[in-house]
4 protein chains.
Amino acid sequence: MVEAKRHSGGEGLSFLMVGGGPGAFIGAVHKAAVDLLGRARLVGGCFSQSFDKSKAQGKLWSIAPDRVYPTYAQMLTQEAARPDRPDFVTIVTPNNTHYPVAKMALEKGFHVVCDKPLCLTVKEASDLVATARQKRLEFLVTYTYVGYPMVRQAREMVKRGDLGDLRLVIAEYAQDWLADQPKDNKQAGWRTDPKVSGLAGCMGDIGTHAESLASFITDLSPVSLLANLDTFVKGRKLDDNGFVWLKYPRGIKGSIWASQVAVGKENGLTIRLFGTKGGLEWQQENPNLLYFMPKGKPVELLTRAQGYLHPHAGRYTRLPTGHPEGLFEAFANLYDGFISTIIAKRKGTKPSDFDLFPNVGDGARGVKFIHALIKSNKNKNTWVTLDK
Amino acid sequence: MVEAKRHSGGEGLSFLMVGGGPGAFIGAVHKAAVDLLGRARLVGGCFSQSFDKSKAQGKLWSIAPDRVYPTYAQMLTQEAARPDRPDFVTIVTPNNTHYPVAKMALEKGFHVVCDKPLCLTVKEASDLVATARQKRLEFLVTYTYVGYPMVRQAREMVKRGDLGDLRLVIAEYAQDWLADQPKDNKQAGWRTDPKVSGLAGCMGDIGTHAESLASFITDLSPVSLLANLDTFVKGRKLDDNGFVWLKYPRGIKGSIWASQVAVGKENGLTIRLFGTKGGLEWQQENPNLLYFMPKGKPVELLTRAQGYLHPHAGRYTRLPTGHPEGLFEAFANLYDGFISTIIAKRKGTKPSDFDLFPNVGDGARGVKFIHALIKSNKNKNTWVTLDK
Amino acid sequence: MVEAKRHSGGEGLSFLMVGGGPGAFIGAVHKAAVDLLGRARLVGGCFSQSFDKSKAQGKLWSIAPDRVYPTYAQMLTQEAARPDRPDFVTIVTPNNTHYPVAKMALEKGFHVVCDKPLCLTVKEASDLVATARQKRLEFLVTYTYVGYPMVRQAREMVKRGDLGDLRLVIAEYAQDWLADQPKDNKQAGWRTDPKVSGLAGCMGDIGTHAESLASFITDLSPVSLLANLDTFVKGRKLDDNGFVWLKYPRGIKGSIWASQVAVGKENGLTIRLFGTKGGLEWQQENPNLLYFMPKGKPVELLTRAQGYLHPHAGRYTRLPTGHPEGLFEAFANLYDGFISTIIAKRKGTKPSDFDLFPNVGDGARGVKFIHALIKSNKNKNTWVTLDK
Amino acid sequence: MVEAKRHSGGEGLSFLMVGGGPGAFIGAVHKAAVDLLGRARLVGGCFSQSFDKSKAQGKLWSIAPDRVYPTYAQMLTQEAARPDRPDFVTIVTPNNTHYPVAKMALEKGFHVVCDKPLCLTVKEASDLVATARQKRLEFLVTYTYVGYPMVRQAREMVKRGDLGDLRLVIAEYAQDWLADQPKDNKQAGWRTDPKVSGLAGCMGDIGTHAESLASFITDLSPVSLLANLDTFVKGRKLDDNGFVWLKYPRGIKGSIWASQVAVGKENGLTIRLFGTKGGLEWQQENPNLLYFMPKGKPVELLTRAQGYLHPHAGRYTRLPTGHPEGLFEAFANLYDGFISTIIAKRKGTKPSDFDLFPNVGDGARGVKFIHALIKSNKNKNTWVTLDK
């Protein structure tokens, strides 16, 4: 093995968690990712609506018993008053509670980490954007896939013109775990319940990941869209498959296919970009690799941690090339940029260009995307302009 | 190496060619494919509008000089009168001449092989369908990719229910050779000229291949479509990129992306099908392989010439597994089914289920597909029902 | 995302580290893997021969200053005397110091984690085996790749007979980072210095990984070997490329190729096994996938975290299928089995079959493997029997 | 589709075939490849030891009945006397008859095409080399895989120094069709019978393909070898698996693994080359692709028919990039170089550098390779120098 490029740690940030109790999944991923990163420590939480379950989770994670709380409101209030008050709050609850928790956390002066979708309505999203801006607080929305180093590489390649003038963005996100209605699956339950999940099912859960990935790499927001949603499983209330066409600025066209009924697909998020001078392809299931297709030349396989990559890709790499990194590292990278930005601000310095992470504005764009595609689908599949 | 499954040859069919002169491409592919097959012999032709060029091509292919003709009309008339009159005529001219040549060939009693698209208008297409039926003549439209053995396998797997109830058909055909307007390229010239090529550019040239592949594998015709076409290269008169959504019977949904400006893609035709019980994927650039994704089980890689394949796939295989076959063999397979059908009819027997080939009806469906997508695109991207 | 299968944590084990100071690589990997696992906490260390560097590292990792030591001997003595004495010691120093540190740690009653190769001589290895047995202490040798879930799956498939009678084991481990002699690379420096690295270069560094992987999956030790080593880079004192043929019990044959001069290969460890009824292939750079080739049937792609896998593979999985895991998780899995075994023993219960990890006996086998191949190579490439 | 690069045909060469009767495999492949090429016509044959079978085959292939012969000797004599005597003879009989047929064909003044291995003994091989030279006749030995365009590309890249100084040649050829002793398989029968097949089984049948591929790409002959052969299937008289290490000039090392018992492998011929500046990999089962690994840069995927390839690769290409070519085309390419050379000589011009094909000298090297590895294996796996 060769030397690692970087170490981080020692800054001593601490944070709280809302959600993440027994039976949840993503809370444990956040925890493990932050532990892997080594730049912050979980010090308190309200992990479940059941205080007993919350206490059990706190014990498992060695949280001081007096910092496990029965309600998030109580936690935010009490923790904000501590002399060693934590730096940020991580929200990993179902979609319909993101807004009130995030709102209160901001108001109490905490930086916020929140799962996507940011919230359920455009109004809520705008309010969170405004609140974070007013309070000068950082807000990370965990569009996980943006954290992969080769996605950073793709963004920088588009930016420096390796693809020439961009023409096409083709994204897909295909899974199969909702091909039937799973029984006794807590995750599946709330994701297919409009009261908890919001207006969109598949499109809200994973279509937005594809949209955010496209926006991150191209540094563009869609101008308008045309959507075509399906519900294949009988009795399901929300979409489980959908197609969207997008118009971006400068005549760039996009297409997204998202499905949770594509039998045989596991977590098949793929994005391809085509410009006048080259193409790019990245597949989430093989994330250490990026295909670059320069016009008239051999396709190139760019791999993580190689010296020829852009520094922004190298910055988010822990292991030497050929030693696979995965989703935990991508997750940790989101936190890494977020924490670096918090520390830079604390020191009064300007955050680095490197410290990119999907923020509350990106989260709000995702909410608008969902609302626009629901509207387009209802309007017999016609074009809908996205609010700015 | 292990033993080959089959040999064919010795029936002594003969045929004529219209088009295929110097500088053409596809005529030579037809010739080589038929030579490889060994079941028919090219005996005459009108290879070019220039009689000199036609004679040069005839010499190259060892055609008797008196069977090289200045016009197709003269050829069809004189050859029809011979006691050893040929069995069929292969038409490999630009799109706008398919109709008159095919019409006359049918009227003179020849079976016909014609490149896609079959012709330029729905009226022409209907007339060719009617004429072929009335004359009881076979008519092969060379949707090449349908000839691959693993495509036959896919069709049989869908048919016997390996995928359960079909839900989704996702096809794409991406190339890059028209990313700019090529200079001095005869192929590119007529393909981007609406007078010769017809209403559609990329969609007519390759989008129809994707549509025909989907229809062949599913044994279904689309009911309606919604199209979204682009022209990225300045000054080009026809589409060079397009997206289409399709509705098939029984609630099955489809999506096609076709592009000739996707830099880095060579001949990227891919089809994926998803049903309640499984998924399938086939990629033209790696044609000896078929991915089968049975629900909850490991993905399976089915490979050409293996004993576990359906007999219809085995029938169209020449080489042992692991010894790659390619496009010539696929082309030869189309002729193989066509010739077997002619011979069966000649013998008064019923053609075998094995002897499938895309016929004049499939060609007509392709023409209607093109007309519908042009209409949808003009109507601000709204749904258009396909004529039956 | 679907639910994770397991959570772990809360047992509160603690450990010490020897090595892992500034500029080192693998120490940070151990630390991050254990943090990710969440079952033990680093509480003290002697991270460098320079006490200043050691203190700097301790500060970075938030270690209490009084538990950072100038020498490992002092640390082991003082920490053994604490009422809250740590459970184990992790040794991540260059090869030539593994033996004395591990020996002393065992004598002080600590369980041990040690990088491979275990030590430099067969005598040292035998002594460590005897000492660990006598002291009834657990000893993990971090043959990293054995920690991957799909390697566990492979082992269980061989064990239950999916491959029939095993015939062939074909392994390779190809890298390119020593294709030249790198300058100013601490890792490269000691790895190519026989005083520090031992008798073998490439074969000791990575060939032993291939051997251990083969032995783990097959549950067999090689009986004899024939080696053929090369040194391509001028001035290098140790091998940088080598081939080994192996004879296993029951007539099974093996082949290993290891290279650090294979330009273009990153961390290319691949193993293939062939039996009378099937074959298997696993590639470290795409570790979430295992190819199974049952005789006369389609090749199957088994993927991590799927329900059809053996429980032993599922046990070592954190994320849902399609969400990539990488090397940190593999590393964490080794610690997971090691810690589970320590806890089981502490509780007086029998460790589970699941809790497999490469132990001091495996490490000793690796040392004997290196000595045998050096002997074979010196003896003009003739067969050498491995000591038991 | 874009324009094809070349057409060939019209020269009117004719040839005879020995072997290739009903139930044979490779004869039909030769026939189809030459038909595809369109530069020569099969005009006579002695297809089987049974005259009846021979006549049946002749009828199938439309051979004039008076040019189907009961013995090859009669055929060669009578055909040599014709005013329109054929140009060459293709020999597709089992190994043990190659020598007498080839010898007589040369003596009668025919150019020769012969399957590999060229013959059974080194003496026979030397005699054929001498006879061909003396008679100034061309002699193609059909090492099929050398015919692929991307293999030509690899050769030219090595030649022009893209890999720097070559260090390693790693080849393997793994199949599974002899994992058991197949019943009622004519191909398997003679290939495992030493009287017909010669000294070696697997190594003679496919190991020699790997060796010839390595020699063709590197333009080097091995100097010495060390072999390790196995027979896994009980009762089999010849090897069915083997490993060979090779020493080439200039310190270049090689390794070949060949197996016919590797369950799950179809026709897995792969070659990799590593030099000081780059690496190359080519896989027969995906022949339109060549991996180039320049040091410190992204891996490049070179694909058939692209403009950036060496002219020698472009010369042997028929279809545009992305339209797969396969084994028939590779076979046809061997004939193409052979026929071009015959025609050049007939015209009194020097054959082009492009017109490379494996000749009788390459065939003789293959025979020596087999004899050396049998000797090495018998001598307890020790080094054997190859005769020049």
# chains A, B, ... in the order shown; residues from 1 in each chain; ligands from 1
call {"tool": "residues_around", "arguments": {"residues": "Val92 (chain C)", "least_positions_apart": "5", "cutoff": "9 Å", "atoms": "only C-alpha atoms", "output": "MDAnalysis selection string"}}
result
chainID C and resid 17:20 24 26:27 30 47 98 113:115
call {"tool": "residues_around", "arguments": {"residues": "Gln57 (chain A)", "least_positions_apart": "5", "cutoff": "10 Å", "atoms": "only C-alpha atoms", "output": "list in words"}}
result
Gly20, Gly21, Pro22, Gly45, Cys46, Phe47, Ser48, Phe51, Asp52, Ser62, Ile63 and Val68 of chain A; Gly10 of chain C
call {"tool": "residues_around", "arguments": {"residues": "region 307-324 of chain A", "least_positions_apart": "5", "cutoff": "9 Å", "atoms": "only C-alpha atoms", "output": "PyMOL selection string"}}
result
(chain A and resi 1-7+147-154+156-157+287-288+302+329-330+333+336+353-355) or (chain C and resi 25+29+175+265-268+284-287+324-328) or (chain D and resi 296-298)
call {"tool": "select_by_dssp", "arguments": {"residues": "region 77-204 of chain A", "states": "alpha helix (DSSP H)", "output": "PyMOL selection string"}}
result
chain A and resi 77-80+98-107+122-135+149-159+186-191+194-197+202
call {"tool": "write_last_selection", "arguments": {"atoms": "N, CA and C atoms", "output": "CSV table (one decimal), in the first residue's frame"}}
result
chain,number,residue,atom,x,y,z
A,77,THR,N,-33.7,22.6,23.3
A,77,THR,CA,-33.7,23.7,24.3
A,77,THR,C,-32.6,23.5,25.3
A,78,GLN,N,-32.5,22.3,25.9
A,78,GLN,CA,-31.6,22.1,27.0
A,78,GLN,C,-30.1,22.1,26.5
A,79,GLU,N,-29.9,21.4,25.3
A,79,GLU,CA,-28.5,21.4,24.8
A,79,GLU,C,-28.0,22.7,24.4
A,80,ALA,N,-29.0,23.6,23.9
A,80,ALA,CA,-28.6,24.9,23.4
A,80,ALA,C,-28.1,25.8,24.6
A,98,HIS,N,-39.1,16.6,9.0
A,98,HIS,CA,-37.8,17.3,8.8
A,98,HIS,C,-38.0,18.8,9.1
A,99,TYR,N,-39.1,19.3,8.6
A,99,TYR,CA,-39.3,20.8,8.7
A,99,TYR,C,-39.3,21.3,10.1
A,100,PRO,N,-40.2,20.8,10.9
A,100,PRO,CA,-40.3,21.4,12.3
A,100,PRO,C,-39.0,21.2,13.1
A,101,VAL,N,-38.3,20.0,12.9
A,101,VAL,CA,-37.1,19.8,13.7
A,101,VAL,C,-36.0,20.7,13.2
A,102,ALA,N,-35.9,20.8,11.9
A,102,ALA,CA,-34.8,21.7,11.3
A,102,ALA,C,-35.0,23.1,11.7
A,103,LYS,N,-36.3,23.5,11.5
A,103,LYS,CA,-36.6,24.9,11.9
A,103,LYS,C,-36.2,25.3,13.3
A,104,MET,N,-36.6,24.4,14.2
A,104,MET,CA,-36.3,24.7,15.6
A,104,MET,C,-34.8,24.6,15.9
A,105,ALA,N,-34.1,23.7,15.2
A,105,ALA,CA,-32.6,23.6,15.4
A,105,ALA,C,-32.0,24.9,14.9
A,106,LEU,N,-32.4,25.4,13.8
A,106,LEU,CA,-31.8,26.6,13.3
A,106,LEU,C,-32.1,27.8,14.3
A,107,GLU,N,-33.3,27.8,14.7
A,107,GLU,CA,-33.7,28.9,15.7
A,107,GLU,C,-32.9,28.8,17.0
A,122,VAL,N,-43.0,23.6,-0.8
A,122,VAL,CA,-42.1,24.6,-1.3
A,122,VAL,C,-42.0,25.8,-0.2
A,123,LYS,N,-43.2,26.0,0.4
A,123,LYS,CA,-43.2,27.1,1.4
A,123,LYS,C,-42.2,26.8,2.6
A,124,GLU,N,-42.3,25.5,3.1
A,124,GLU,CA,-41.4,25.1,4.1
A,124,GLU,C,-39.9,25.2,3.7
A,125,ALA,N,-39.7,24.8,2.5
A,125,ALA,CA,-38.3,24.8,1.9
A,125,ALA,C,-37.8,26.3,1.9
A,126,SER,N,-38.6,27.2,1.4
A,126,SER,CA,-38.2,28.6,1.3
A,126,SER,C,-37.9,29.1,2.7
A,127,ASP,N,-38.8,28.7,3.7
A,127,ASP,CA,-38.6,29.2,5.0
A,127,ASP,C,-37.3,28.7,5.6
A,128,LEU,N,-36.9,27.5,5.4
A,128,LEU,CA,-35.7,27.0,5.9
A,128,LEU,C,-34.5,27.7,5.2
A,129,VAL,N,-34.6,27.9,3.9
A,129,VAL,CA,-33.5,28.7,3.3
A,129,VAL,C,-33.3,30.0,3.9
A,130,ALA,N,-34.4,30.7,4.1
A,130,ALA,CA,-34.4,32.0,4.7
A,130,ALA,C,-33.9,32.0,6.1
A,131,THR,N,-34.3,31.1,6.9
A,131,THR,CA,-33.9,31.0,8.3
A,131,THR,C,-32.4,30.7,8.4
A,132,ALA,N,-31.9,29.8,7.6
A,132,ALA,CA,-30.5,29.5,7.7
A,132,ALA,C,-29.7,30.7,7.3
A,133,ARG,N,-30.1,31.4,6.2
A,133,ARG,CA,-29.4,32.5,5.8
A,133,ARG,C,-29.3,33.6,6.9
A,134,GLN,N,-30.5,33.9,7.4
A,134,GLN,CA,-30.6,34.9,8.4
A,134,GLN,C,-29.8,34.6,9.7
A,135,LYS,N,-29.8,33.3,10.0
A,135,LYS,CA,-29.0,32.9,11.2
A,135,LYS,C,-27.5,32.6,10.9
A,149,PRO,N,-15.8,10.7,-4.4
A,149,PRO,CA,-14.7,11.5,-5.1
A,149,PRO,C,-14.8,11.6,-6.6
A,150,MET,N,-15.3,10.5,-7.2
A,150,MET,CA,-15.3,10.5,-8.7
A,150,MET,C,-16.5,11.4,-9.2
A,151,VAL,N,-17.4,11.7,-8.4
A,151,VAL,CA,-18.5,12.7,-8.7
A,151,VAL,C,-17.9,14.1,-8.7
A,152,ARG,N,-17.0,14.3,-7.7
A,152,ARG,CA,-16.3,15.6,-7.6
A,152,ARG,C,-15.4,15.8,-8.9
A,153,GLN,N,-14.8,14.7,-9.3
A,153,GLN,CA,-13.9,14.7,-10.5
A,153,GLN,C,-14.8,15.1,-11.7
A,154,ALA,N,-16.0,14.5,-11.8
A,154,ALA,CA,-16.8,14.7,-12.9
A,154,ALA,C,-17.2,16.2,-13.0
A,155,ARG,N,-17.6,16.7,-11.8
A,155,ARG,CA,-18.0,18.2,-11.7
A,155,ARG,C,-16.8,19.1,-12.2
A,156,GLU,N,-15.6,18.8,-11.8
A,156,GLU,CA,-14.5,19.6,-12.2
A,156,GLU,C,-14.2,19.5,-13.7
A,157,MET,N,-14.4,18.3,-14.2
A,157,MET,CA,-14.1,18.1,-15.6
A,157,MET,C,-15.1,18.8,-16.5
A,158,VAL,N,-16.4,18.8,-16.1
A,158,VAL,CA,-17.4,19.6,-16.8
A,158,VAL,C,-17.0,21.1,-16.7
A,159,LYS,N,-16.6,21.5,-15.5
A,159,LYS,CA,-16.3,22.9,-15.3
A,159,LYS,C,-15.2,23.4,-16.1
A,186,LYS,N,-40.4,-1.6,7.8
A,186,LYS,CA,-40.6,-0.2,8.2
A,186,LYS,C,-40.2,0.8,7.2
A,187,GLN,N,-39.1,0.6,6.6
A,187,GLN,CA,-38.6,1.5,5.5
A,187,GLN,C,-39.6,1.6,4.4
A,188,ALA,N,-40.1,0.5,3.9
A,188,ALA,CA,-41.1,0.5,2.8
A,188,ALA,C,-42.4,1.1,3.2
A,189,GLY,N,-42.8,0.9,4.5
A,189,GLY,CA,-44.0,1.4,4.9
A,189,GLY,C,-44.2,2.9,4.8
A,190,TRP,N,-43.3,3.6,5.4
A,190,TRP,CA,-43.5,5.1,5.4
A,190,TRP,C,-43.1,5.7,4.0
A,191,ARG,N,-42.3,5.0,3.3
A,191,ARG,CA,-41.9,5.6,2.0
A,191,ARG,C,-43.0,5.5,1.0
A,194,PRO,N,-48.2,8.6,1.6
A,194,PRO,CA,-48.1,10.0,1.3
A,194,PRO,C,-48.1,10.9,2.5
A,195,LYS,N,-48.7,10.5,3.6
A,195,LYS,CA,-48.8,11.4,4.7
A,195,LYS,C,-47.4,11.6,5.3
A,196,VAL,N,-46.6,10.6,5.2
A,196,VAL,CA,-45.2,10.7,5.8
A,196,VAL,C,-44.2,11.1,4.7
A,197,SER,N,-44.4,10.5,3.6
A,197,SER,CA,-43.3,10.6,2.6
A,197,SER,C,-43.5,11.9,1.7
A,202,CYS,N,-41.4,7.1,-5.4
A,202,CYS,CA,-40.1,6.7,-6.0
A,202,CYS,C,-39.4,8.0,-6.4
call {"tool": "interface_residues", "arguments": {"of": "chain D", "to": "chain C", "cutoff": "8 Å", "atoms": "only C-alpha atoms", "output": "list in words"}}
result
Arg167, Leu168, Ala179, Phe232, Val261, Ala262, Val263, Gly264, Phe274, Gly275, Thr276, Lys277, Gly278, Gly279, Met293, Pro294, Lys295, Gly296, Val299, Asn381 and Thr382 of chain D
call {"tool": "write_last_selection", "arguments": {"atoms": "N, CA and C atoms", "output": "compact mmCIF listing (two decimals), in the first residue's frame"}}
result
# COMPACT_ATOMS: atom_id res chain seq x y z
N ARG D 167 8.56 -6.45 -19.93
CA ARG D 167 9.04 -7.26 -18.80
C ARG D 167 8.29 -8.57 -18.64
N LEU D 168 6.98 -8.52 -18.81
CA LEU D 168 6.15 -9.68 -18.49
C LEU D 168 5.11 -9.97 -19.56
N ALA D 179 -14.02 -31.06 -18.88
CA ALA D 179 -14.04 -31.23 -17.41
C ALA D 179 -14.44 -32.65 -17.04
N PHE D 232 -6.51 -34.31 -14.79
CA PHE D 232 -7.49 -34.40 -13.71
C PHE D 232 -8.55 -35.47 -13.93
N VAL D 261 -10.39 -27.99 -18.09
CA VAL D 261 -11.24 -28.46 -17.00
C VAL D 261 -11.66 -27.31 -16.07
N ALA D 262 -11.52 -26.07 -16.55
CA ALA D 262 -11.84 -24.91 -15.71
C ALA D 262 -13.34 -24.62 -15.84
N VAL D 263 -14.12 -25.25 -15.00
CA VAL D 263 -15.59 -25.22 -15.15
C VAL D 263 -16.11 -23.78 -15.11
N GLY D 264 -16.83 -23.42 -16.15
CA GLY D 264 -17.40 -22.08 -16.26
C GLY D 264 -16.68 -21.22 -17.29
N PHE D 274 3.25 -6.45 -19.89
CA PHE D 274 3.63 -5.33 -19.03
C PHE D 274 5.07 -4.92 -19.32
N GLY D 275 5.25 -3.64 -19.56
CA GLY D 275 6.60 -3.10 -19.79
C GLY D 275 6.89 -1.99 -18.80
N THR D 276 7.98 -1.32 -19.01
CA THR D 276 8.36 -0.25 -18.08
C THR D 276 7.45 0.96 -18.19
N LYS D 277 6.80 1.13 -19.32
CA LYS D 277 5.98 2.33 -19.53
C LYS D 277 4.49 2.08 -19.65
N GLY D 278 4.09 0.82 -19.78
CA GLY D 278 2.66 0.57 -19.95
C GLY D 278 2.32 -0.90 -19.99
N GLY D 279 1.03 -1.17 -19.93
CA GLY D 279 0.53 -2.54 -20.01
C GLY D 279 -0.56 -2.65 -21.07
N MET D 293 -2.78 0.41 -20.74
CA MET D 293 -2.57 0.98 -19.42
C MET D 293 -1.28 1.77 -19.39
N PRO D 294 -1.31 3.02 -19.85
CA PRO D 294 -0.08 3.81 -19.81
C PRO D 294 0.23 4.21 -18.38
N LYS D 295 1.50 4.16 -18.05
CA LYS D 295 1.92 4.39 -16.66
C LYS D 295 1.46 5.75 -16.13
N GLY D 296 0.81 5.72 -15.00
CA GLY D 296 0.41 6.97 -14.35
C GLY D 296 -0.74 7.70 -15.02
N VAL D 299 -6.45 4.14 -17.67
CA VAL D 299 -6.54 3.01 -18.60
C VAL D 299 -7.36 3.44 -19.81
N ASN D 381 9.76 -31.14 -13.64
CA ASN D 381 9.55 -29.70 -13.70
C ASN D 381 10.84 -28.90 -13.59
N THR D 382 11.69 -29.10 -14.58
CA THR D 382 12.94 -28.33 -14.64
C THR D 382 13.01 -27.60 -15.98
call {"tool": "residues_around", "arguments": {"residues": "Ser14 (chain B)", "least_positions_apart": "6", "cutoff": "7 Å", "atoms": "only C-alpha atoms", "output": "VMD selection string"}}
result
chain B and resid 40 to 43 86 to 87
call {"tool": "write_last_selection", "arguments": {"atoms": "C-alpha atoms", "output": "PDB file, in the first residue's frame"}}
result
ATOM      1  CA  ALA B  40     -28.143 -18.035 -51.855  1.00  0.00           C
ATOM      2  CA  ARG B  41     -26.003 -16.515 -54.572  1.00  0.00           C
ATOM      3  CA  LEU B  42     -25.988 -12.970 -55.934  1.00  0.00           C
ATOM      4  CA  VAL B  43     -26.480 -13.288 -59.713  1.00  0.00           C
ATOM      5  CA  PRO B  86     -33.892 -15.331 -59.319  1.00  0.00           C
ATOM      6  CA  ASP B  87     -35.847 -15.872 -56.127  1.00  0.00           C
TER       7      ASP B  87
END
call {"tool": "residues_around", "arguments": {"residues": "Tyr143 (chain D)", "least_positions_apart": "3", "cutoff": "8 Å", "atoms": "only C-alpha atoms", "output": "JSON list (two decimals) with N, CA and C atoms, in the first residue's frame"}}
result
[["chain", "number", "residue", "atom", "x", "y", "z"],
["D", 115, "ASP", "N", -4.28, -26.44, -40.28],
["D", 115, "ASP", "CA", -4.60, -26.21, -38.88],
["D", 115, "ASP", "C", -3.39, -26.47, -37.99],
["D", 116, "LYS", "N", -3.42, -25.90, -36.79],
["D", 116, "LYS", "CA", -2.38, -26.18, -35.83],
["D", 116, "LYS", "C", -2.82, -27.37, -34.98],
["D", 146, "VAL", "N", -4.59, -14.78, -33.87],
["D", 146, "VAL", "CA", -3.67, -13.80, -34.44],
["D", 146, "VAL", "C", -4.37, -12.95, -35.50],
["D", 147, "GLY", "N", -5.51, -13.43, -35.96],
["D", 147, "GLY", "CA", -6.22, -12.73, -37.02],
["D", 147, "GLY", "C", -7.05, -11.54, -36.55],
["D", 209, "HIS", "N", -1.97, -22.09, -28.77],
["D", 209, "HIS", "CA", -2.59, -20.83, -29.20],
["D", 209, "HIS", "C", -2.08, -19.67, -28.35],
["D", 212, "SER", "N", 1.52, -18.93, -29.33],
["D", 212, "SER", "CA", 1.65, -18.26, -30.64],
["D", 212, "SER", "C", 1.17, -16.82, -30.55],
["D", 213, "LEU", "N", 0.15, -16.58, -29.76],
["D", 213, "LEU", "CA", -0.35, -15.22, -29.58],
["D", 213, "LEU", "C", 0.73, -14.35, -28.94],
["D", 358, "PRO", "N", 0.49, -16.23, -39.60],
["D", 358, "PRO", "CA", 1.36, -17.23, -38.99],
["D", 358, "PRO", "C", 1.76, -18.26, -40.04]]
